[in-house]
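Data block below; observations after.
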Amino acid sequence: MLHYVLKRLLSLVLSLAVASLIIFVVIEIAPGDPASFMLGINAQPETLAALRSELGLDVPKVQRYFAWVGGMMSGDFGTSYTYRTPVTEMVATRVGVSIPLALYALILSVVIAFPAGLFAAARRGRTGDLGVMGATQLGVAVPNFWFAMMLVLIFAIHLRWFSAGGFPGWDEGAFLALKSLTLPAIALALPQAAILTRVMRSALIDVQDQDFMRTARAKGLNARQTLWRHGLRNALIPVLTIIGLQFSFLFAGTIIIEQVFYLPGLGRLIFQSISARDLIVVESVVMLVVFGVILINFFVDLAYAAVDPRLRTRQ
């Protein structure tokens with residue numbers, strides 16, 4: 001197991017190194033100069049050169065890359081060009097929205113998908129199965145931003161059960177904070193729950209045809225007991241894969257939902273920074289999101305090994 005973990009850690013480090021280089025190159029070659037954007041088209045060349053020097057934009061790109069990477073390794077993500085605030089402080093205030101939102105959505109997705117997948121698999125080919133599969137097809141087809149707007153229209157504007165947007169902050173109490181994240185979390189969770197339900201059902205159906213399941217039935221267990229005691233654990237590998245990918249998506253892909261609900265999260269920060277050509281913020285926040293995604297995949301790999309010990313012996 002130690003050898004397996006070390007190999008995964010090495011893969012994580014190499015992935016981060018490659019990701020940092022790609023992020024820096026892609027963002028740096030994007031059109032638009034931050035200094036020109038900040039000063040406007042009528043800026044004098046001397047003023048423009050002075051601002052570029054102040055922001056460190058006159059330094060060769062290779063030197064800037066290594067300075068950026070070295071700073072991140074020491075916890076310094078640089079200073080925002082636009083707000084003149086340390087990026088670390090900006091991220092710290094936003095991550096308290098994005099991570100709870102992603103976790104909230106993931107929990108809702110799992111809570112919906114596991115019972116629905118088990119229900120459909122246990123009633124394979126019957127009315128209940130067809131109903132669940134029809135609902136999941138609809139959940140996959142509906143865009144989450146449209147669903148988010150429908151939630152606002154129904155529950156915020158007509159019923160007035162929730163606010164239409166904004167985030168009061170955790171200082172106002174966990175209840176109010178979670179209440180403000182409920183509609184965004186539902187908008188994110190339902191499409192993911194539809195995907196996870198389909199994967200759960202397929203994995204359970206595949207397991208039901210295995211020899212060990214027939215042996216369990218022959219020993220006197222009924223279909224439901226066999227499914228719970230033997231089928232569920234062996235069906236978790238593809239399900240864990242989807243859960244890991246879903247949390248990565250939820251953590252990295254909340255830009256549109258945060259815009260719809262006006263949430264001050266990382267997604268909205270990336271959108272605002274791209275609009276303002278605040279390159280250091282974009283680079284650092286995207287790198288932080290990539291690190292989170294790679295770290296999640298690392299823990300998913302460890303979960304694989306815990307569920308299926310055969311994976312450890314193959315490494």
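Residue numbering restarts at 1 in every chain; chains get A, B, ... in the order shown in the structure tokens, and ligands count up from 1 in that same order.
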Helix (DSSP H, G or I) per DSSP on the backbone: members of stretch 42-174 of chain A, as a ChimeraX atom specification: /A:45-55,61-73,87-122,127-141,144-158,170-172,174
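Look at A:Met90: the protein and nucleic acid residues within 10 Å of it, using only C-alpha atoms and passing over chain neighbours fewer than 6 places away, are Thr79, Ser80, Tyr83, Gly265, Leu266, Leu269, Val281 and Val285 of chain A.
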Give me, as a short mmCIF file (atom, residue, chain, number, x, y, z; two decimals) with all heavy atoms, in the first residue's frame, all polymer residues having an atom no more than 9 Å from stretch 180-196 of chain A, counting only C-alpha atoms and skipping those fewer than 5 positions away in the same chain.
```cif
data_model
loop_
_atom_site.label_atom_id
_atom_site.label_comp_id
_atom_site.auth_asym_id
_atom_site.auth_seq_id
_atom_site.Cartn_x
_atom_site.Cartn_y
_atom_site.Cartn_z
N VAL A 97 -16.94 29.96 0.21
CA VAL A 97 -18.22 29.83 -0.48
C VAL A 97 -18.18 28.66 -1.45
O VAL A 97 -19.08 27.82 -1.47
CB VAL A 97 -18.57 31.13 -1.24
CG1 VAL A 97 -19.87 30.96 -2.02
CG2 VAL A 97 -18.68 32.30 -0.28
N PRO A 100 -17.81 24.84 0.34
CA PRO A 100 -19.08 24.38 0.93
C PRO A 100 -20.17 24.16 -0.12
O PRO A 100 -20.97 23.22 0.01
CB PRO A 100 -19.45 25.51 1.90
CG PRO A 100 -18.15 26.14 2.25
CD PRO A 100 -17.33 26.07 1.01
N LEU A 101 -20.22 25.01 -1.14
CA LEU A 101 -21.22 24.85 -2.19
C LEU A 101 -21.01 23.53 -2.93
O LEU A 101 -21.96 22.78 -3.18
CB LEU A 101 -21.16 26.02 -3.16
CG LEU A 101 -22.05 25.92 -4.40
CD1 LEU A 101 -23.52 25.79 -3.99
CD2 LEU A 101 -21.85 27.13 -5.31
N ALA A 102 -19.75 23.23 -3.29
CA ALA A 102 -19.45 21.98 -4.00
C ALA A 102 -19.76 20.77 -3.12
O ALA A 102 -20.33 19.78 -3.60
CB ALA A 102 -17.99 21.97 -4.43
N LEU A 103 -19.39 20.83 -1.85
CA LEU A 103 -19.68 19.71 -0.94
C LEU A 103 -21.18 19.53 -0.74
O LEU A 103 -21.68 18.40 -0.73
CB LEU A 103 -18.99 19.95 0.41
CG LEU A 103 -17.48 19.74 0.46
CD1 LEU A 103 -16.93 20.21 1.80
CD2 LEU A 103 -17.14 18.27 0.23
N TYR A 104 -21.88 20.63 -0.57
CA TYR A 104 -23.33 20.59 -0.40
C TYR A 104 -23.98 19.93 -1.61
O TYR A 104 -24.83 19.04 -1.49
CB TYR A 104 -23.83 22.02 -0.22
CG TYR A 104 -25.24 22.18 0.32
CD1 TYR A 104 -25.75 23.46 0.55
CD2 TYR A 104 -26.07 21.09 0.57
CE1 TYR A 104 -27.03 23.64 1.04
CE2 TYR A 104 -27.36 21.26 1.06
CZ TYR A 104 -27.83 22.54 1.28
OH TYR A 104 -29.12 22.72 1.76
N ALA A 105 -23.57 20.35 -2.81
CA ALA A 105 -24.12 19.79 -4.04
C ALA A 105 -23.77 18.31 -4.17
O ALA A 105 -24.60 17.50 -4.60
CB ALA A 105 -23.62 20.57 -5.25
N LEU A 106 -22.55 17.95 -3.80
CA LEU A 106 -22.14 16.54 -3.91
C LEU A 106 -22.93 15.67 -2.95
O LEU A 106 -23.37 14.56 -3.31
CB LEU A 106 -20.64 16.41 -3.62
CG LEU A 106 -20.07 15.00 -3.80
CD1 LEU A 106 -20.13 14.58 -5.26
CD2 LEU A 106 -18.64 14.93 -3.29
N ILE A 107 -23.13 16.15 -1.72
CA ILE A 107 -23.92 15.39 -0.74
C ILE A 107 -25.34 15.18 -1.25
O ILE A 107 -25.90 14.08 -1.17
CB ILE A 107 -23.91 16.10 0.62
CG1 ILE A 107 -22.50 16.02 1.25
CG2 ILE A 107 -24.93 15.48 1.57
CD1 ILE A 107 -22.33 16.90 2.47
N LEU A 108 -25.94 16.25 -1.78
CA LEU A 108 -27.29 16.13 -2.33
C LEU A 108 -27.32 15.13 -3.48
O LEU A 108 -28.24 14.31 -3.61
CB LEU A 108 -27.79 17.49 -2.82
CG LEU A 108 -28.13 18.53 -1.75
CD1 LEU A 108 -28.53 19.84 -2.40
CD2 LEU A 108 -29.26 18.03 -0.85
N SER A 109 -26.30 15.18 -4.33
CA SER A 109 -26.23 14.27 -5.48
C SER A 109 -26.16 12.81 -5.02
O SER A 109 -26.89 11.95 -5.54
CB SER A 109 -25.00 14.61 -6.33
OG SER A 109 -24.83 13.70 -7.39
N VAL A 110 -25.32 12.54 -4.02
CA VAL A 110 -25.17 11.16 -3.52
C VAL A 110 -26.44 10.71 -2.81
O VAL A 110 -26.90 9.56 -3.00
CB VAL A 110 -23.95 11.07 -2.58
CG1 VAL A 110 -23.91 9.72 -1.87
CG2 VAL A 110 -22.66 11.29 -3.37
N VAL A 111 -27.02 11.59 -2.00
CA VAL A 111 -28.24 11.24 -1.26
C VAL A 111 -29.39 10.91 -2.21
O VAL A 111 -30.21 10.02 -1.93
CB VAL A 111 -28.63 12.40 -0.31
CG1 VAL A 111 -30.04 12.22 0.23
CG2 VAL A 111 -27.64 12.49 0.84
N ILE A 112 -29.44 11.59 -3.34
CA ILE A 112 -30.49 11.31 -4.33
C ILE A 112 -30.16 10.06 -5.15
O ILE A 112 -31.01 9.19 -5.38
CB ILE A 112 -30.68 12.52 -5.27
CG1 ILE A 112 -31.22 13.72 -4.48
CG2 ILE A 112 -31.62 12.17 -6.42
CD1 ILE A 112 -31.21 15.01 -5.26
N ALA A 113 -28.90 9.96 -5.57
CA ALA A 113 -28.52 8.93 -6.56
C ALA A 113 -28.44 7.52 -5.98
O ALA A 113 -28.85 6.57 -6.65
CB ALA A 113 -27.18 9.31 -7.19
N PHE A 114 -27.92 7.38 -4.77
CA PHE A 114 -27.75 6.02 -4.22
C PHE A 114 -29.09 5.30 -4.06
O PHE A 114 -29.25 4.17 -4.55
CB PHE A 114 -26.98 6.07 -2.91
CG PHE A 114 -25.50 5.92 -3.09
CD1 PHE A 114 -24.80 6.78 -3.93
CD2 PHE A 114 -24.80 4.94 -2.43
CE1 PHE A 114 -23.43 6.65 -4.11
CE2 PHE A 114 -23.43 4.79 -2.60
CZ PHE A 114 -22.74 5.65 -3.45
N GLY A 117 -30.57 4.70 -7.62
CA GLY A 117 -29.87 3.65 -8.36
C GLY A 117 -30.18 2.27 -7.84
O GLY A 117 -30.40 1.32 -8.61
N MET A 133 -35.22 5.88 -14.86
CA MET A 133 -34.38 6.14 -16.04
C MET A 133 -34.92 7.32 -16.86
O MET A 133 -34.16 8.12 -17.40
CB MET A 133 -34.28 4.89 -16.91
CG MET A 133 -33.43 3.79 -16.31
SD MET A 133 -31.70 4.30 -16.04
CE MET A 133 -31.74 4.74 -14.28
N ALA A 135 -36.55 9.88 -15.58
CA ALA A 135 -36.24 11.09 -14.81
C ALA A 135 -34.77 11.46 -14.95
O ALA A 135 -34.42 12.65 -15.07
CB ALA A 135 -36.59 10.86 -13.34
N THR A 136 -33.89 10.46 -14.96
CA THR A 136 -32.46 10.75 -15.10
C THR A 136 -32.14 11.29 -16.50
O THR A 136 -31.27 12.14 -16.65
CB THR A 136 -31.61 9.51 -14.82
OG1 THR A 136 -31.96 8.46 -15.73
CG2 THR A 136 -31.79 9.03 -13.40
N GLN A 137 -32.83 10.79 -17.51
CA GLN A 137 -32.63 11.30 -18.86
C GLN A 137 -32.97 12.78 -18.92
O GLN A 137 -32.27 13.58 -19.54
CB GLN A 137 -33.48 10.52 -19.85
CG GLN A 137 -33.19 10.83 -21.32
CD GLN A 137 -31.80 10.43 -21.73
OE1 GLN A 137 -31.32 9.37 -21.37
NE2 GLN A 137 -31.13 11.30 -22.46
N LEU A 138 -34.06 13.15 -18.27
CA LEU A 138 -34.46 14.55 -18.21
C LEU A 138 -33.44 15.37 -17.43
O LEU A 138 -33.09 16.49 -17.82
CB LEU A 138 -35.84 14.66 -17.56
CG LEU A 138 -36.45 16.06 -17.47
CD1 LEU A 138 -36.69 16.62 -18.86
CD2 LEU A 138 -37.76 16.01 -16.68
N GLY A 139 -32.93 14.81 -16.32
CA GLY A 139 -31.94 15.52 -15.52
C GLY A 139 -30.66 15.78 -16.26
O GLY A 139 -30.04 16.85 -16.11
N VAL A 140 -30.25 14.83 -17.11
CA VAL A 140 -29.03 15.02 -17.89
C VAL A 140 -29.24 16.07 -18.99
O VAL A 140 -28.33 16.84 -19.32
CB VAL A 140 -28.59 13.68 -18.51
CG1 VAL A 140 -27.44 13.87 -19.50
CG2 VAL A 140 -28.16 12.70 -17.42
N ALA A 141 -30.44 16.09 -19.55
CA ALA A 141 -30.71 16.95 -20.71
C ALA A 141 -30.89 18.43 -20.33
O ALA A 141 -30.58 19.31 -21.13
CB ALA A 141 -31.95 16.46 -21.44
N VAL A 142 -31.36 18.70 -19.14
CA VAL A 142 -31.67 20.08 -18.74
C VAL A 142 -30.38 20.81 -18.32
O VAL A 142 -29.67 20.35 -17.42
CB VAL A 142 -32.68 20.10 -17.58
CG1 VAL A 142 -32.89 21.52 -17.07
CG2 VAL A 142 -34.01 19.51 -18.03
N PRO A 143 -30.04 21.95 -18.93
CA PRO A 143 -28.86 22.72 -18.52
C PRO A 143 -29.02 23.25 -17.10
O PRO A 143 -30.10 23.71 -16.72
CB PRO A 143 -28.81 23.88 -19.53
CG PRO A 143 -29.69 23.46 -20.66
CD PRO A 143 -30.74 22.56 -20.08
N ASN A 144 -27.93 23.19 -16.32
CA ASN A 144 -28.08 23.59 -14.91
C ASN A 144 -28.33 25.08 -14.74
O ASN A 144 -28.96 25.49 -13.78
CB ASN A 144 -26.86 23.12 -14.09
CG ASN A 144 -25.56 23.72 -14.57
OD1 ASN A 144 -25.53 24.54 -15.48
ND2 ASN A 144 -24.47 23.27 -13.97
N PHE A 145 -27.84 25.92 -15.68
CA PHE A 145 -28.10 27.35 -15.52
C PHE A 145 -29.58 27.67 -15.75
O PHE A 145 -30.15 28.55 -15.10
CB PHE A 145 -27.20 28.17 -16.46
CG PHE A 145 -27.49 27.99 -17.93
CD1 PHE A 145 -28.45 28.75 -18.57
CD2 PHE A 145 -26.78 27.05 -18.66
CE1 PHE A 145 -28.71 28.59 -19.92
CE2 PHE A 145 -27.03 26.88 -20.01
CZ PHE A 145 -28.00 27.64 -20.64
N TRP A 146 -30.22 26.94 -16.70
CA TRP A 146 -31.66 27.14 -16.91
C TRP A 146 -32.44 26.65 -15.70
O TRP A 146 -33.38 27.30 -15.25
CB TRP A 146 -32.11 26.39 -18.17
CG TRP A 146 -33.58 26.52 -18.45
CD1 TRP A 146 -34.19 27.51 -19.16
CD2 TRP A 146 -34.62 25.65 -18.01
NE1 TRP A 146 -35.55 27.31 -19.20
CE2 TRP A 146 -35.85 26.17 -18.50
CE3 TRP A 146 -34.64 24.47 -17.26
CZ2 TRP A 146 -37.07 25.55 -18.25
CZ3 TRP A 146 -35.86 23.85 -17.01
CH2 TRP A 146 -37.06 24.39 -17.50
N PHE A 147 -32.04 25.50 -15.19
CA PHE A 147 -32.69 24.96 -13.99
C PHE A 147 -32.51 25.92 -12.82
O PHE A 147 -33.43 26.10 -12.01
CB PHE A 147 -32.10 23.59 -13.68
CG PHE A 147 -32.77 22.87 -12.54
CD1 PHE A 147 -34.11 22.56 -12.60
CD2 PHE A 147 -32.05 22.52 -11.41
CE1 PHE A 147 -34.75 21.91 -11.54
CE2 PHE A 147 -32.67 21.86 -10.35
CZ PHE A 147 -34.02 21.56 -10.43
N ALA A 148 -31.32 26.54 -12.71
CA ALA A 148 -31.06 27.51 -11.64
C ALA A 148 -32.02 28.69 -11.73
O ALA A 148 -32.57 29.14 -10.73
CB ALA A 148 -29.61 27.98 -11.70
N MET A 149 -32.24 29.19 -12.94
CA MET A 149 -33.15 30.32 -13.12
C MET A 149 -34.59 29.93 -12.79
O MET A 149 -35.35 30.74 -12.24
CB MET A 149 -33.04 30.85 -14.55
CG MET A 149 -31.71 31.56 -14.82
SD MET A 149 -31.63 32.38 -16.42
CE MET A 149 -31.52 30.96 -17.52
N LEU A 151 -35.42 27.67 -10.55
CA LEU A 151 -35.47 27.61 -9.09
C LEU A 151 -35.64 29.00 -8.49
O LEU A 151 -36.41 29.19 -7.53
CB LEU A 151 -34.19 26.96 -8.56
CG LEU A 151 -34.01 25.46 -8.81
CD1 LEU A 151 -32.62 25.01 -8.32
CD2 LEU A 151 -35.10 24.66 -8.11
N VAL A 152 -34.93 29.98 -9.04
CA VAL A 152 -35.06 31.36 -8.56
C VAL A 152 -36.48 31.86 -8.80
O VAL A 152 -37.11 32.47 -7.91
CB VAL A 152 -34.04 32.27 -9.27
CG1 VAL A 152 -34.33 33.74 -8.95
CG2 VAL A 152 -32.62 31.92 -8.85
N PHE A 155 -38.93 29.48 -6.31
CA PHE A 155 -38.74 29.47 -4.85
C PHE A 155 -38.30 30.82 -4.28
O PHE A 155 -38.44 31.04 -3.07
CB PHE A 155 -37.71 28.40 -4.47
CG PHE A 155 -38.18 27.00 -4.73
CD1 PHE A 155 -37.75 26.31 -5.84
CD2 PHE A 155 -39.07 26.38 -3.88
CE1 PHE A 155 -38.17 25.02 -6.09
CE2 PHE A 155 -39.52 25.10 -4.11
CZ PHE A 155 -39.08 24.41 -5.24
N PHE A 162 -36.66 31.40 -0.40
CA PHE A 162 -35.22 31.64 -0.42
C PHE A 162 -34.94 32.99 -1.06
O PHE A 162 -35.80 33.55 -1.76
CB PHE A 162 -34.49 30.55 -1.22
CG PHE A 162 -34.66 29.16 -0.66
CD1 PHE A 162 -35.69 28.34 -1.07
CD2 PHE A 162 -33.76 28.67 0.28
CE1 PHE A 162 -35.85 27.06 -0.57
CE2 PHE A 162 -33.91 27.39 0.80
CZ PHE A 162 -34.95 26.60 0.38
N SER A 163 -33.74 33.50 -0.82
CA SER A 163 -33.33 34.73 -1.49
C SER A 163 -32.92 34.41 -2.92
O SER A 163 -32.52 33.28 -3.22
CB SER A 163 -32.16 35.39 -0.75
OG SER A 163 -31.02 34.53 -0.75
N ALA A 164 -33.02 35.41 -3.79
CA ALA A 164 -32.69 35.19 -5.20
C ALA A 164 -31.20 35.13 -5.45
O ALA A 164 -30.76 34.72 -6.52
CB ALA A 164 -33.32 36.29 -6.05
N GLY A 165 -30.40 35.54 -4.51
CA GLY A 165 -28.95 35.53 -4.69
C GLY A 165 -28.25 36.18 -3.52
O GLY A 165 -28.87 36.65 -2.57
N GLY A 166 -26.92 36.19 -3.61
CA GLY A 166 -26.12 36.77 -2.55
C GLY A 166 -25.75 35.75 -1.49
O GLY A 166 -26.30 34.64 -1.44
N PHE A 167 -24.80 36.14 -0.65
CA PHE A 167 -24.33 35.25 0.41
C PHE A 167 -24.10 36.09 1.66
O PHE A 167 -23.30 37.03 1.66
CB PHE A 167 -23.03 34.57 -0.01
CG PHE A 167 -22.50 33.58 0.99
CD1 PHE A 167 -23.15 32.38 1.20
CD2 PHE A 167 -21.35 33.86 1.72
CE1 PHE A 167 -22.66 31.45 2.12
CE2 PHE A 167 -20.86 32.95 2.64
CZ PHE A 167 -21.51 31.75 2.84
N PRO A 168 -24.80 35.79 2.77
CA PRO A 168 -24.69 36.63 3.97
C PRO A 168 -23.38 36.47 4.71
O PRO A 168 -23.04 37.31 5.54
CB PRO A 168 -25.88 36.14 4.82
CG PRO A 168 -26.06 34.72 4.42
CD PRO A 168 -25.75 34.68 2.95
N PHE A 175 -27.03 28.49 9.53
CA PHE A 175 -28.34 28.26 8.92
C PHE A 175 -28.58 29.21 7.75
O PHE A 175 -28.98 28.78 6.66
CB PHE A 175 -29.45 28.42 9.96
CG PHE A 175 -30.84 28.30 9.39
CD1 PHE A 175 -31.37 27.05 9.09
CD2 PHE A 175 -31.61 29.43 9.14
CE1 PHE A 175 -32.65 26.93 8.55
CE2 PHE A 175 -32.88 29.32 8.60
CZ PHE A 175 -33.40 28.08 8.31
N ARG A 201 -26.95 2.30 -11.18
CA ARG A 201 -27.84 1.24 -11.67
C ARG A 201 -27.08 0.27 -12.56
O ARG A 201 -27.19 -0.95 -12.42
CB ARG A 201 -29.00 1.86 -12.43
CG ARG A 201 -29.91 0.84 -13.12
CD ARG A 201 -30.91 1.54 -14.03
NE ARG A 201 -31.72 0.57 -14.77
CZ ARG A 201 -31.37 0.03 -15.93
NH1 ARG A 201 -30.19 0.34 -16.47
NH2 ARG A 201 -32.17 -0.84 -16.55
N VAL A 239 -18.68 3.88 -9.42
CA VAL A 239 -19.42 4.94 -8.72
C VAL A 239 -18.43 5.93 -8.08
O VAL A 239 -18.63 7.15 -8.15
CB VAL A 239 -20.36 4.34 -7.65
CG1 VAL A 239 -21.01 5.44 -6.83
CG2 VAL A 239 -21.41 3.48 -8.32
N ILE A 242 -17.06 8.30 -10.69
CA ILE A 242 -17.98 9.39 -11.03
C ILE A 242 -18.07 10.41 -9.91
O ILE A 242 -18.11 11.62 -10.16
CB ILE A 242 -19.37 8.81 -11.37
CG1 ILE A 242 -19.29 7.90 -12.59
CG2 ILE A 242 -20.36 9.93 -11.62
CD1 ILE A 242 -18.78 8.61 -13.84
N ILE A 243 -18.08 9.94 -8.65
CA ILE A 243 -18.15 10.88 -7.53
C ILE A 243 -16.92 11.79 -7.52
O ILE A 243 -17.02 13.00 -7.31
CB ILE A 243 -18.29 10.12 -6.20
CG1 ILE A 243 -19.67 9.47 -6.10
CG2 ILE A 243 -18.06 11.06 -5.01
CD1 ILE A 243 -19.86 8.61 -4.86
N GLN A 246 -17.25 14.18 -10.32
CA GLN A 246 -18.31 15.14 -10.05
C GLN A 246 -17.85 16.23 -9.09
O GLN A 246 -18.14 17.41 -9.29
CB GLN A 246 -19.54 14.42 -9.49
CG GLN A 246 -20.35 13.70 -10.53
CD GLN A 246 -21.66 13.16 -10.00
OE1 GLN A 246 -21.84 13.03 -8.79
NE2 GLN A 246 -22.58 12.86 -10.88
N LEU A 250 -17.80 20.05 -9.82
CA LEU A 250 -18.53 20.99 -8.97
C LEU A 250 -17.61 22.06 -8.39
O LEU A 250 -17.99 23.22 -8.25
CB LEU A 250 -19.24 20.23 -7.85
CG LEU A 250 -20.38 19.32 -8.29
CD1 LEU A 250 -20.83 18.44 -7.13
CD2 LEU A 250 -21.55 20.12 -8.83
N THR A 254 -18.23 26.02 -11.17
CA THR A 254 -19.36 26.75 -10.58
C THR A 254 -19.46 28.19 -11.09
O THR A 254 -20.23 28.97 -10.54
CB THR A 254 -19.23 26.79 -9.05
OG1 THR A 254 -17.99 27.42 -8.69
CG2 THR A 254 -19.26 25.38 -8.46
N ILE A 257 -23.11 29.14 -12.25
CA ILE A 257 -24.06 29.14 -11.13
C ILE A 257 -23.76 30.28 -10.17
O ILE A 257 -24.69 30.93 -9.65
CB ILE A 257 -24.02 27.78 -10.40
CG1 ILE A 257 -24.51 26.66 -11.33
CG2 ILE A 257 -24.87 27.81 -9.14
CD1 ILE A 257 -25.92 26.84 -11.82
N GLU A 258 -22.49 30.54 -9.91
CA GLU A 258 -22.15 31.66 -9.03
C GLU A 258 -22.54 33.00 -9.66
O GLU A 258 -22.87 33.95 -8.93
CB GLU A 258 -20.66 31.63 -8.70
CG GLU A 258 -20.27 30.51 -7.77
CD GLU A 258 -18.81 30.51 -7.39
OE1 GLU A 258 -18.06 31.41 -7.85
OE2 GLU A 258 -18.40 29.62 -6.63
N VAL A 260 -25.23 33.32 -11.70
CA VAL A 260 -26.70 33.37 -11.61
C VAL A 260 -27.15 33.80 -10.23
O VAL A 260 -28.06 34.63 -10.09
CB VAL A 260 -27.30 31.99 -11.97
CG1 VAL A 260 -28.81 31.97 -11.69
CG2 VAL A 260 -27.04 31.64 -13.43
N PHE A 261 -26.51 33.26 -9.19
CA PHE A 261 -26.92 33.55 -7.81
C PHE A 261 -26.07 34.64 -7.15
O PHE A 261 -26.22 34.88 -5.96
CB PHE A 261 -26.86 32.27 -6.98
CG PHE A 261 -27.92 31.27 -7.33
CD1 PHE A 261 -27.66 30.23 -8.21
CD2 PHE A 261 -29.20 31.37 -6.80
CE1 PHE A 261 -28.63 29.30 -8.54
CE2 PHE A 261 -30.18 30.45 -7.12
CZ PHE A 261 -29.90 29.42 -8.01
N LEU A 263 -22.96 34.79 -6.20
CA LEU A 263 -22.22 34.28 -5.05
C LEU A 263 -20.75 34.69 -5.16
O LEU A 263 -20.14 34.53 -6.21
CB LEU A 263 -22.33 32.75 -4.98
CG LEU A 263 -23.71 32.18 -4.73
CD1 LEU A 263 -23.67 30.66 -4.84
CD2 LEU A 263 -24.24 32.61 -3.37
#
```
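In this comparison, which uses only C-alpha atoms, the residue of A:Pro115, A:Thr82, A:Ala19, A:His158 approaching A:Val293 most closely is A:Ala19.
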Close residues, A:Val26 itself excluded, 12 Å, only C-alpha atoms, min 6 positions apart in chain, as an mmCIF file with N, CA, C and O atoms, in the first residue's frame:
```cif
data_model
loop_
_atom_site.group_PDB
_atom_site.id
_atom_site.type_symbol
_atom_site.label_atom_id
_atom_site.label_comp_id
_atom_site.auth_asym_id
_atom_site.auth_seq_id
_atom_site.Cartn_x
_atom_site.Cartn_y
_atom_site.Cartn_z
ATOM 1 N N ALA A 19 0.707 21.158 -15.183
ATOM 2 C CA ALA A 19 -0.450 22.060 -15.163
ATOM 3 C C ALA A 19 -0.017 23.510 -14.968
ATOM 4 O O ALA A 19 -0.550 24.411 -15.624
ATOM 5 N N SER A 20 0.942 23.748 -14.080
ATOM 6 C CA SER A 20 1.397 25.121 -13.834
ATOM 7 C C SER A 20 2.000 25.725 -15.097
ATOM 8 O O SER A 20 1.761 26.897 -15.410
ATOM 9 N N LEU A 279 -4.067 39.082 -14.556
ATOM 10 C CA LEU A 279 -3.478 37.788 -14.889
ATOM 11 C C LEU A 279 -3.012 37.006 -13.674
ATOM 12 O O LEU A 279 -3.191 35.787 -13.610
ATOM 13 N N VAL A 282 -5.928 35.291 -12.068
ATOM 14 C CA VAL A 282 -6.430 34.189 -12.899
ATOM 15 C C VAL A 282 -5.501 32.987 -12.794
ATOM 16 O O VAL A 282 -5.939 31.851 -12.564
ATOM 17 N N GLU A 283 -4.205 33.222 -12.961
ATOM 18 C CA GLU A 283 -3.227 32.130 -12.908
ATOM 19 C C GLU A 283 -3.261 31.417 -11.557
ATOM 20 O O GLU A 283 -3.287 30.178 -11.490
ATOM 21 N N VAL A 286 -6.790 29.620 -10.868
ATOM 22 C CA VAL A 286 -6.928 28.431 -11.718
ATOM 23 C C VAL A 286 -5.980 27.333 -11.242
ATOM 24 O O VAL A 286 -6.343 26.156 -11.191
#
```
Just the residues within 12 Å of A:Ile29, please, counting only C-alpha atoms, with nothing from its chain fewer than 5 positions along; format it as a short mmCIF file (atom, residue, chain, number, x, y, z; two decimals) with C-alpha atoms, in the first residue's frame.
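The resulting around20.cif:
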```cif
data_model
loop_
_atom_site.label_atom_id
_atom_site.label_comp_id
_atom_site.auth_asym_id
_atom_site.auth_seq_id
_atom_site.Cartn_x
_atom_site.Cartn_y
_atom_site.Cartn_z
CA ILE A 22 0.29 25.06 -19.27
CA ILE A 23 -1.72 27.56 -17.22
CA PHE A 24 1.05 30.15 -17.28
CA LYS A 61 8.36 35.49 -18.86
CA LEU A 279 -3.48 37.79 -14.89
#
```
Counting only C-alpha atoms, the residue of A:Leu14, A:Ala276, A:Val25, A:Ala120 that sits nearest A:Met38: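 The answer is A:Ala276, which sits nearest to A:Met38.
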Minimum-distance residue to A:Asp58, chosen among A:Asp33, A:Asp171, A:Asp206, A:Asp301 (using only C-alpha atoms): A:Asp33
Residue among A:Ile256, A:Ile157, A:Ala235, A:Val95 lying closest to A:Leu204, counting only C-alpha atoms: A:Ala235
